>>> print(open('upload08.cif').read())   # mmCIF, C-alpha atoms
data_model
loop_
_atom_site.label_atom_id
_atom_site.label_comp_id
_atom_site.auth_asym_id
_atom_site.auth_seq_id
_atom_site.Cartn_x
_atom_site.Cartn_y
_atom_site.Cartn_z
CA MET A 137 -38.03 -3.96 -22.53
CA ASN A 138 -36.48 -6.05 -19.76
CA LYS A 139 -34.49 -4.05 -17.26
CA VAL A 140 -30.77 -4.62 -16.79
CA LYS A 141 -30.39 -6.17 -13.33
CA ILE A 142 -27.43 -4.89 -11.36
CA GLY A 143 -25.79 -6.02 -8.12
CA ILE A 144 -23.33 -4.15 -5.89
CA ILE A 145 -20.46 -5.78 -4.00
CA GLY A 146 -19.25 -3.42 -1.28
CA SER A 147 -21.43 -0.73 0.29
CA GLY A 148 -18.75 1.82 1.23
CA ASN A 149 -18.50 5.43 0.10
CA ILE A 150 -17.64 4.75 -3.56
CA SER A 151 -20.70 2.50 -4.01
CA HIS A 152 -22.98 5.51 -3.53
CA TYR A 153 -21.60 7.09 -6.71
CA HIS A 154 -22.32 3.89 -8.65
CA LEU A 155 -25.79 3.60 -7.14
CA HIS A 156 -26.71 7.17 -8.06
CA GLY A 157 -25.65 6.46 -11.64
CA TYR A 158 -27.72 3.29 -11.85
CA LYS A 159 -30.77 4.77 -10.15
CA ILE A 160 -31.17 7.56 -12.71
CA LEU A 161 -31.25 5.04 -15.59
CA PRO A 162 -34.83 3.99 -16.46
CA ASN A 163 -33.72 0.64 -17.89
CA VAL A 164 -31.85 -0.49 -14.76
CA GLU A 165 -32.92 -2.31 -11.62
CA VAL A 166 -30.47 -2.57 -8.71
CA ALA A 167 -31.56 -5.94 -7.38
CA ALA A 168 -29.06 -6.79 -4.65
CA ILE A 169 -26.19 -5.47 -2.55
CA CYS A 170 -23.50 -7.34 -0.62
CA ASP A 171 -21.13 -6.34 2.17
CA ILE A 172 -19.41 -8.17 5.01
CA ASN A 173 -20.83 -5.39 7.21
CA GLU A 174 -24.49 -6.42 7.13
CA GLU A 175 -25.69 -3.39 9.09
CA ARG A 176 -24.10 -0.98 6.62
CA ALA A 177 -25.39 -2.97 3.64
CA LYS A 178 -28.94 -2.86 5.03
CA ALA A 179 -28.69 0.91 5.57
CA VAL A 180 -27.56 1.47 1.97
CA ALA A 181 -30.23 -0.93 0.69
CA LYS A 182 -32.89 1.06 2.54
CA GLU A 183 -31.54 4.38 1.21
CA PHE A 184 -31.54 3.19 -2.42
CA CYS A 185 -34.55 0.81 -2.24
CA ILE A 186 -32.54 -2.34 -2.97
CA PRO A 187 -34.64 -5.45 -2.24
CA LYS A 188 -31.98 -8.05 -1.37
CA VAL A 189 -29.00 -7.87 1.02
CA TYR A 190 -26.15 -10.39 1.22
CA THR A 191 -22.98 -10.78 3.25
CA ASP A 192 -21.43 -13.37 0.90
CA TYR A 193 -20.89 -12.35 -2.72
CA ASN A 194 -20.51 -15.98 -3.80
CA LYS A 195 -24.06 -16.63 -2.58
CA MET A 196 -25.35 -13.47 -4.25
CA VAL A 197 -23.95 -14.26 -7.69
CA LYS A 198 -25.41 -17.78 -7.51
CA GLU A 199 -28.88 -16.85 -6.28
CA GLU A 200 -29.55 -13.60 -8.14
CA ASN A 201 -30.13 -13.52 -11.90
CA LEU A 202 -27.89 -10.50 -12.50
CA ASP A 203 -26.69 -8.95 -15.75
CA GLY A 204 -23.97 -6.82 -14.19
CA ILE A 205 -22.14 -6.15 -10.96
CA SER A 206 -20.17 -3.19 -9.62
CA VAL A 207 -17.26 -4.27 -7.45
CA CYS A 208 -16.70 -1.50 -4.88
CA THR A 209 -14.68 -3.33 -2.23
CA TRP A 210 -11.19 -3.17 -0.75
CA ASN A 211 -8.64 -3.57 -3.54
CA SER A 212 -7.65 -7.01 -2.24
CA VAL A 213 -11.20 -8.26 -2.92
CA HIS A 214 -11.44 -6.92 -6.49
CA SER A 215 -10.00 -10.02 -8.11
CA PRO A 216 -11.87 -12.78 -6.19
CA ALA A 217 -15.18 -10.92 -6.29
CA ALA A 218 -14.91 -10.09 -9.98
CA LYS A 219 -13.93 -13.64 -10.91
CA ALA A 220 -16.83 -15.07 -8.90
CA ALA A 221 -19.23 -12.86 -10.84
CA LEU A 222 -17.62 -13.55 -14.22
CA ASN A 223 -17.69 -17.30 -13.60
CA ALA A 224 -21.39 -16.95 -12.80
CA GLY A 225 -21.93 -15.37 -16.22
CA ILE A 226 -22.23 -11.78 -14.93
CA ASN A 227 -20.60 -8.72 -16.49
CA VAL A 228 -18.37 -6.72 -14.14
CA LEU A 229 -17.54 -3.06 -13.59
CA CYS A 230 -14.60 -3.17 -11.18
CA GLU A 231 -13.33 -0.13 -9.32
CA LYS A 232 -9.73 0.92 -9.85
CA PRO A 233 -7.12 -0.39 -9.45
CA LEU A 234 -8.24 -3.55 -11.19
CA ALA A 235 -6.22 -5.81 -8.89
CA MET A 236 -3.36 -5.94 -6.41
CA ASN A 237 -0.79 -6.54 -9.15
CA ALA A 238 -0.47 -7.18 -12.87
CA GLU A 239 -0.57 -10.98 -12.58
CA GLU A 240 -3.90 -10.85 -10.73
CA ALA A 241 -5.24 -8.44 -13.34
CA LYS A 242 -4.18 -10.73 -16.20
CA GLU A 243 -6.02 -13.63 -14.57
CA MET A 244 -9.19 -11.53 -14.31
CA VAL A 245 -9.06 -10.71 -18.02
CA LYS A 246 -8.50 -14.40 -18.78
CA VAL A 247 -11.58 -15.38 -16.75
CA ALA A 248 -13.69 -12.70 -18.47
CA LYS A 249 -12.69 -13.98 -21.91
CA ALA A 250 -13.28 -17.61 -20.95
CA ASN A 251 -16.83 -16.73 -19.87
CA LYS A 252 -17.41 -14.30 -22.76
CA ARG A 253 -18.33 -11.55 -20.33
CA LEU A 254 -17.35 -7.89 -20.03
CA LEU A 255 -14.74 -6.80 -17.53
CA MET A 256 -14.72 -3.00 -17.33
CA VAL A 257 -12.30 -0.96 -15.19
CA GLY A 258 -13.45 2.05 -13.19
CA PHE A 259 -11.23 4.65 -14.86
CA VAL A 260 -13.92 7.23 -14.21
CA ARG A 261 -11.87 10.31 -15.11
CA ARG A 262 -12.05 9.28 -18.78
CA PHE A 263 -15.74 10.23 -18.77
CA GLY A 264 -15.23 13.88 -17.83
CA GLU A 265 -16.00 16.46 -20.51
CA ASN A 266 -12.52 17.94 -20.00
CA ALA A 267 -10.85 14.59 -20.77
CA LYS A 268 -13.13 14.10 -23.78
CA ALA A 269 -12.32 17.54 -25.17
CA LEU A 270 -8.57 17.24 -24.67
CA LYS A 271 -8.46 13.77 -26.24
CA GLU A 272 -10.31 15.06 -29.31
CA MET A 273 -7.76 17.86 -29.67
CA ILE A 274 -4.85 15.46 -29.39
CA ASP A 275 -6.42 12.92 -31.78
CA ASN A 276 -7.13 15.70 -34.31
CA GLY A 277 -3.52 16.86 -34.21
CA ASP A 278 -4.37 20.29 -32.81
CA LEU A 279 -1.40 20.13 -30.45
CA GLY A 280 0.93 18.52 -32.96
CA GLU A 281 3.29 15.76 -31.80
CA ILE A 282 2.96 15.16 -28.05
CA TYR A 283 6.34 14.74 -26.40
CA TYR A 284 5.87 15.42 -22.69
CA VAL A 285 3.07 15.11 -20.15
CA LYS A 286 3.16 15.91 -16.46
CA THR A 287 0.47 15.34 -13.87
CA GLY A 288 -0.04 15.15 -10.17
CA CYS A 289 -2.51 14.90 -7.32
CA THR A 290 -1.00 15.95 -4.01
CA ARG A 291 -2.53 16.64 -0.60
CA ARG A 292 -1.25 18.60 2.37
CA ILE A 293 -3.06 16.18 4.68
CA GLY A 294 -5.47 13.46 3.61
CA ASN A 295 -4.51 9.90 4.53
CA PRO A 296 -7.95 8.19 4.73
CA GLY A 297 -6.62 5.52 7.12
CA GLY A 298 -8.48 2.26 7.62
CA TRP A 299 -8.21 -0.18 4.74
CA PHE A 300 -6.68 2.51 2.51
CA SER A 301 -3.49 2.59 4.61
CA ASP A 302 -3.33 -1.17 5.18
CA LYS A 303 -1.14 -2.55 2.40
CA LYS A 304 -2.58 -6.07 2.71
CA ARG A 305 -5.99 -4.72 1.69
CA SER A 306 -5.10 -1.73 -0.50
CA GLY A 307 -1.85 -2.73 -2.19
CA GLY A 308 -0.38 0.74 -1.64
CA GLY A 309 -1.02 4.33 -0.65
CA PRO A 310 -1.65 7.49 -2.70
CA LEU A 311 -0.03 5.97 -5.80
CA VAL A 312 -2.76 3.30 -5.85
CA ASP A 313 -5.55 5.61 -4.69
CA LEU A 314 -4.88 8.89 -6.53
CA GLY A 315 -2.02 8.19 -8.93
CA VAL A 316 -4.02 5.50 -10.74
CA HIS A 317 -6.35 8.11 -12.22
CA MET A 318 -3.56 10.44 -13.33
CA ILE A 319 -1.38 7.73 -14.87
CA ASP A 320 -4.38 6.29 -16.71
CA LEU A 321 -5.21 9.72 -18.12
CA LEU A 322 -1.65 10.03 -19.44
CA ARG A 323 -2.02 6.78 -21.40
CA TYR A 324 -5.62 7.33 -22.46
CA LEU A 325 -5.12 10.83 -23.84
CA MET A 326 -2.20 9.64 -25.95
CA GLY A 327 -4.02 6.65 -27.40
CA LYS A 328 -2.84 4.11 -24.82
CA PRO A 329 0.83 3.59 -25.79
CA LYS A 330 2.81 0.75 -24.21
CA THR A 331 5.17 1.50 -21.35
CA VAL A 332 8.89 1.04 -21.99
CA SER A 333 10.48 1.90 -18.64
CA VAL A 334 9.78 3.42 -15.24
CA LEU A 335 11.95 5.24 -12.73
CA GLY A 336 10.09 5.74 -9.47
CA SER A 337 10.50 6.61 -5.82
CA THR A 338 8.20 6.32 -2.82
CA PHE A 339 8.48 8.10 0.51
CA ASN A 340 7.25 7.25 3.99
CA LYS A 341 8.41 10.11 6.17
CA LEU A 342 5.28 11.64 7.75
CA GLY A 343 3.04 8.67 8.50
CA ASN A 344 -0.66 8.92 9.26
CA ARG A 345 -0.44 12.39 10.93
CA SER A 346 -3.51 11.66 13.04
CA ASN A 347 -1.96 14.05 15.59
CA VAL A 348 -2.82 17.10 13.44
CA LYS A 349 -5.56 19.28 14.93
CA GLY A 350 -7.85 21.95 13.51
CA VAL A 351 -8.65 20.41 10.10
CA ASN A 352 -11.11 17.87 8.75
CA PHE A 353 -10.50 15.46 5.87
CA TYR A 354 -12.07 12.29 4.48
CA LYS A 355 -11.56 9.22 6.67
CA ALA A 356 -12.43 5.62 5.89
CA SER A 357 -15.32 4.11 7.82
CA ASP A 358 -12.84 1.78 9.54
CA TYR A 359 -10.36 4.61 10.26
CA SER A 360 -7.43 3.83 12.54
CA ASP A 361 -3.88 5.09 13.06
CA TYR A 362 -2.40 2.02 11.37
CA ASN A 363 -0.34 2.90 8.29
CA ASP A 364 2.20 0.85 6.33
CA VAL A 365 1.92 2.53 2.91
CA GLU A 366 3.78 5.43 1.31
CA ASP A 367 3.08 9.11 2.02
CA ALA A 368 4.04 10.14 -1.49
CA ALA A 369 5.35 8.78 -4.79
CA ILE A 370 6.96 10.20 -7.92
CA ALA A 371 7.82 8.55 -11.23
CA THR A 372 9.08 9.17 -14.73
CA ILE A 373 7.46 6.92 -17.32
CA LYS A 374 8.74 6.42 -20.87
CA PHE A 375 6.34 5.20 -23.54
CA ASP A 376 6.94 3.46 -26.85
CA ASN A 377 5.71 6.49 -28.82
CA GLY A 378 8.57 8.55 -27.42
CA VAL A 379 6.47 10.47 -24.89
CA VAL A 380 7.84 10.99 -21.39
CA GLY A 381 5.40 11.35 -18.50
CA ASN A 382 6.02 12.62 -14.98
CA ILE A 383 3.66 11.80 -12.12
CA GLU A 384 3.63 12.88 -8.47
CA THR A 385 1.09 12.04 -5.83
CA SER A 386 0.76 12.28 -2.06
CA TRP A 387 -1.68 11.86 0.79
CA THR A 388 0.35 13.98 3.15
CA GLN A 389 3.10 16.47 2.34
CA HIS A 390 4.31 19.83 3.66
CA ILE A 391 2.82 21.92 0.85
CA LYS A 392 0.71 25.07 0.96
CA GLU A 393 -2.48 23.48 -0.42
CA ASP A 394 -3.85 20.45 -2.25
CA VAL A 395 -2.90 20.41 -5.93
CA LEU A 396 -4.39 18.65 -8.96
CA TYR A 397 -2.82 19.24 -12.36
CA LEU A 398 -2.40 17.70 -15.80
CA GLU A 399 -0.40 19.38 -18.56
CA VAL A 400 0.30 18.20 -22.10
CA TYR A 401 3.05 19.58 -24.34
CA GLY A 402 3.06 19.22 -28.12
CA SER A 403 4.96 20.60 -31.10
CA ARG A 404 2.06 22.88 -32.12
CA GLY A 405 0.60 23.72 -28.75
CA GLY A 406 0.16 22.80 -25.13
CA ALA A 407 -2.86 22.21 -22.95
CA THR A 408 -3.77 22.18 -19.29
CA MET A 409 -6.68 19.92 -18.36
CA GLU A 410 -6.46 20.52 -14.60
CA PRO A 411 -6.92 22.67 -12.59
CA LYS A 412 -8.34 24.80 -15.42
CA PHE A 413 -8.81 23.84 -19.06
CA GLN A 414 -6.60 25.97 -21.29
CA VAL A 415 -4.94 25.58 -24.69
CA LEU A 416 -1.71 27.48 -25.36
CA GLY A 417 -0.11 27.97 -28.75
CA GLU A 418 0.67 30.39 -31.57
CA LYS A 419 -1.44 32.13 -34.19
CA ASN A 420 -0.28 34.68 -36.76
CA ASN A 421 3.13 34.61 -35.05
CA TYR A 422 1.61 35.63 -31.71
CA MET A 423 1.52 33.45 -28.63
CA THR A 424 -2.10 32.73 -27.76
CA ASP A 425 -4.01 31.58 -24.69
CA MET A 426 -7.33 29.91 -25.43
CA THR A 427 -9.92 28.67 -22.95
CA PRO A 428 -12.54 26.29 -24.39
CA LEU A 429 -16.01 26.83 -22.93
CA ILE A 430 -16.67 23.68 -20.90
CA ASP A 431 -19.20 23.49 -18.08
CA PRO A 432 -17.23 22.34 -14.99
CA ALA A 433 -20.28 20.38 -13.84
CA LEU A 434 -19.78 18.02 -16.80
CA SER A 435 -16.47 16.88 -15.29
CA ASP A 436 -17.36 16.67 -11.61
CA PHE A 437 -17.08 13.43 -9.65
CA GLN A 438 -20.75 12.34 -9.71
CA ASN A 439 -21.26 13.29 -13.35
CA ASN A 440 -18.28 11.15 -14.32
CA PHE A 441 -19.71 8.19 -12.41
CA ASP A 442 -23.14 8.72 -13.97
CA ARG A 443 -21.56 8.53 -17.42
CA GLU A 444 -19.44 5.53 -16.45
CA THR A 445 -22.34 3.45 -15.14
CA ALA A 446 -24.50 4.44 -18.13
CA HIS A 447 -21.72 3.26 -20.46
CA PHE A 448 -21.44 -0.05 -18.58
CA VAL A 449 -25.18 -0.63 -18.94
CA ASP A 450 -25.03 0.37 -22.62
CA CYS A 451 -22.28 -2.20 -23.19
CA ILE A 452 -24.41 -4.90 -21.53
CA ALA A 453 -27.71 -3.99 -23.18
CA ASN A 454 -26.53 -3.02 -26.65
CA GLY A 455 -23.11 -4.61 -27.09
CA THR A 456 -21.42 -1.20 -27.33
CA GLU A 457 -17.61 -1.38 -27.39
CA CYS A 458 -16.24 -0.78 -23.90
CA LEU A 459 -14.21 2.39 -23.38
CA ASN A 460 -12.40 0.92 -20.34
CA PRO A 461 -11.68 -2.76 -21.04
CA GLY A 462 -9.92 -4.99 -18.54
CA GLU A 463 -6.78 -5.00 -20.67
CA ASP A 464 -6.31 -1.31 -19.82
CA GLY A 465 -6.35 -2.25 -16.15
CA VAL A 466 -3.58 -4.78 -16.77
CA GLU A 467 -1.36 -2.14 -18.43
CA LEU A 468 -1.94 0.24 -15.54
CA MET A 469 -1.03 -2.45 -13.01
CA LYS A 470 2.21 -3.09 -14.90
CA ILE A 471 3.13 0.55 -14.38
CA LEU A 472 2.24 0.54 -10.69
CA ASP A 473 4.19 -2.68 -10.13
CA ALA A 474 7.18 -1.13 -11.92
CA ILE A 475 7.07 2.08 -9.85
CA TYR A 476 7.07 0.16 -6.59
CA LYS A 477 9.83 -2.15 -7.88
CA SER A 478 11.91 0.81 -9.04
CA ALA A 479 11.54 2.44 -5.63
CA GLU A 480 12.59 -0.80 -3.95
CA ILE A 481 15.76 -1.35 -6.02
CA ASN A 482 16.53 2.37 -6.53
CA SER A 483 16.93 1.87 -10.26
CA GLU A 484 15.04 2.10 -13.55
CA VAL A 485 12.75 -0.83 -14.36
CA ILE A 486 12.13 -2.07 -17.90
CA VAL A 487 8.47 -2.92 -18.52
CA ASN A 488 7.68 -5.82 -20.84
#
>>> encode(input="upload08.cif", output="C-alpha cells")
Amino acid sequence: MNKVKIGIIGSGNISHYHLHGYKILPNVEVAAICDINEERAKAVAKEFCIPKVYTDYNKMVKEENLDGISVCTWNSVHSPAAKAALNAGINVLCEKPLAMNAEEAKEMVKVAKANKRLLMVGFVRRFGENAKALKEMIDNGDLGEIYYVKTGCTRRIGNPGGWFSDKKRSGGGPLVDLGVHMIDLLRYLMGKPKTVSVLGSTFNKLGNRSNVKGVNFYKASDYSDYNDVEDAAIATIKFDNGVVGNIETSWTQHIKEDVLYLEVYGSRGGATMEPKFQVLGEKNNYMTDMTPLIDPALSDFQNNFDRETAHFVDCIANGTECLNPGEDGVELMKILDAIYKSAEINSEVIVN
C-alpha cells in the first residue's frame, strides 16, 4: 500500500503535535517541512527525520508530490498557505482559527470545492473522549432539551506574546487563541446550530504584564512586549435552536487560578465536561450525581491531536466523511467577527 505523503507548513510549537500524530501512523510519510525560519525548520526536520526542508511553501507544494498538508503557521498565513496547497491538488488540515475573518474562510472553502480537495479545520477538542461521550449523551436525549451552555478558559497570567499578541498576524487575543475551542464545542455538542445573534465585549486593561516576576508561562518563540490584542473577552450567543451560550476567555486576569470549564443544562439533566466529567439529574425522585468512567489520558492534548491527524489521513486514504469540514470553520469565524463587532459598537450583532 502506498503511504500517504504529508507536508508541514510552519515548524512552531503546534507542529510538533501534528508531527507526533503522523509519525505513529504506519501508512504515513512526512516528506517535507516549510518555515520562513530555515534554522528552526532544519532542527525540526532532524528531530522527526523529515527529508526535505523549504522556506517557501509555494515552492514546496509545486515540487513535492504530497497528499496532505498541515498548516501550522501564524493565523494570517492560514488562508494563503491553505489555498496554495489546495490549488496544487493537496488536501489541507488547517489549524484553528481557519482564517482571519469569515470572508477569508469562505474563500478557502470555495477554493477547496473548486479543486475537489478536503479542507479540514483543526478543532482538536472534538476528538477528546470527554467530548465524544457528552455528544453521545446529548444526541441520545439523555439530558433532554438543551437550553443553556456556559464555557470558559481563563488565565491569571499567560499572554504568549510574539505573533500571538500582534493583531496583524493573529487576528486577536485569547478569544482567537482559547475561545475558538470553547465556542466550537458549544456548537458541535448541540449538532452545529446556526448563530442568530451575539452580544460581546472585549477588554484591554492589563496588557502584556511582562513585568510580573516569580512565575513561568508559555511564551512564543518570537516573544516580545508588543501587545495590541484584548486581555479578555466575554459573549452571549443565541442559536437558532433556542439555546443560549455564554463564553468567557482571558490571557491575563486578576483571578485566583487558571480555569477551564464547560457546562450543559438540559430539561432532563445537566453535564459538566470540564474540569471534571459529571452528569447531574434525577432518578426515582432523588437528585443524582453520576461520574462516567473516562480515562483522562484519552482527552489530553497529544491524544486529541493523534486522533485528529489519524482522521485526516483516513479521510484522504479512504474517503471517510470529515468530522471538521471547512464550513464549520466559516461558521466559527462568523461568531468571532460578530463578537469583535459587538464589542466595537457596544451593541448586539445579528448574524446572517
>>> residues_around(input="upload08.cif", residues="Asn382 (chain A)", least_positions_apart="3", cutoff="8 Å", atoms="only C-alpha atoms", output="MDAnalysis selection string")
chainID A and resid 285:287 370:373
>>> write_last_selection(input="upload08.cif", atoms="C-alpha atoms", output="short mmCIF file (atom, residue, chain, number, x, y, z; two decimals), in the frame of the given file")
data_model
loop_
_atom_site.label_atom_id
_atom_site.label_comp_id
_atom_site.auth_asym_id
_atom_site.auth_seq_id
_atom_site.Cartn_x
_atom_site.Cartn_y
_atom_site.Cartn_z
CA VAL A 285 3.07 15.11 -20.15
CA LYS A 286 3.16 15.91 -16.46
CA THR A 287 0.47 15.34 -13.87
CA ILE A 370 6.96 10.20 -7.92
CA ALA A 371 7.82 8.55 -11.23
CA THR A 372 9.08 9.17 -14.73
CA ILE A 373 7.46 6.92 -17.32
#
>>> atom_distance(input="upload08.cif", atom1="CA of Lys271 (chain A)", atom2="CA of Leu325 (chain A)")
5.1 Å
>>> residues_around(input="upload08.cif", residues="Val247 (chain A)", least_positions_apart="3", cutoff="8 Å", atoms="all atoms listed in the file", output="list in words")
Lys219, Leu222, Asn223, Glu243, Met244, Ala250 and Asn251 of chain A
>>> residues_around(input="upload08.cif", residues="Gly406 (chain A)", least_positions_apart="2", cutoff="8 Å", atoms="only C-alpha atoms", output="list in words")
Leu279, Glu399, Val400, Tyr401, Gly402, Ser403, Arg404, Thr408, Val415, Leu416 and Gly417 of chain A
>>> resolve_selection(input="upload08.cif", expression="the PyMOL selection byres ((chain A and resi 174) around 12)", output="VMD selection string")
chain A and resid 145 to 148 169 to 173 175 to 181 188 to 192
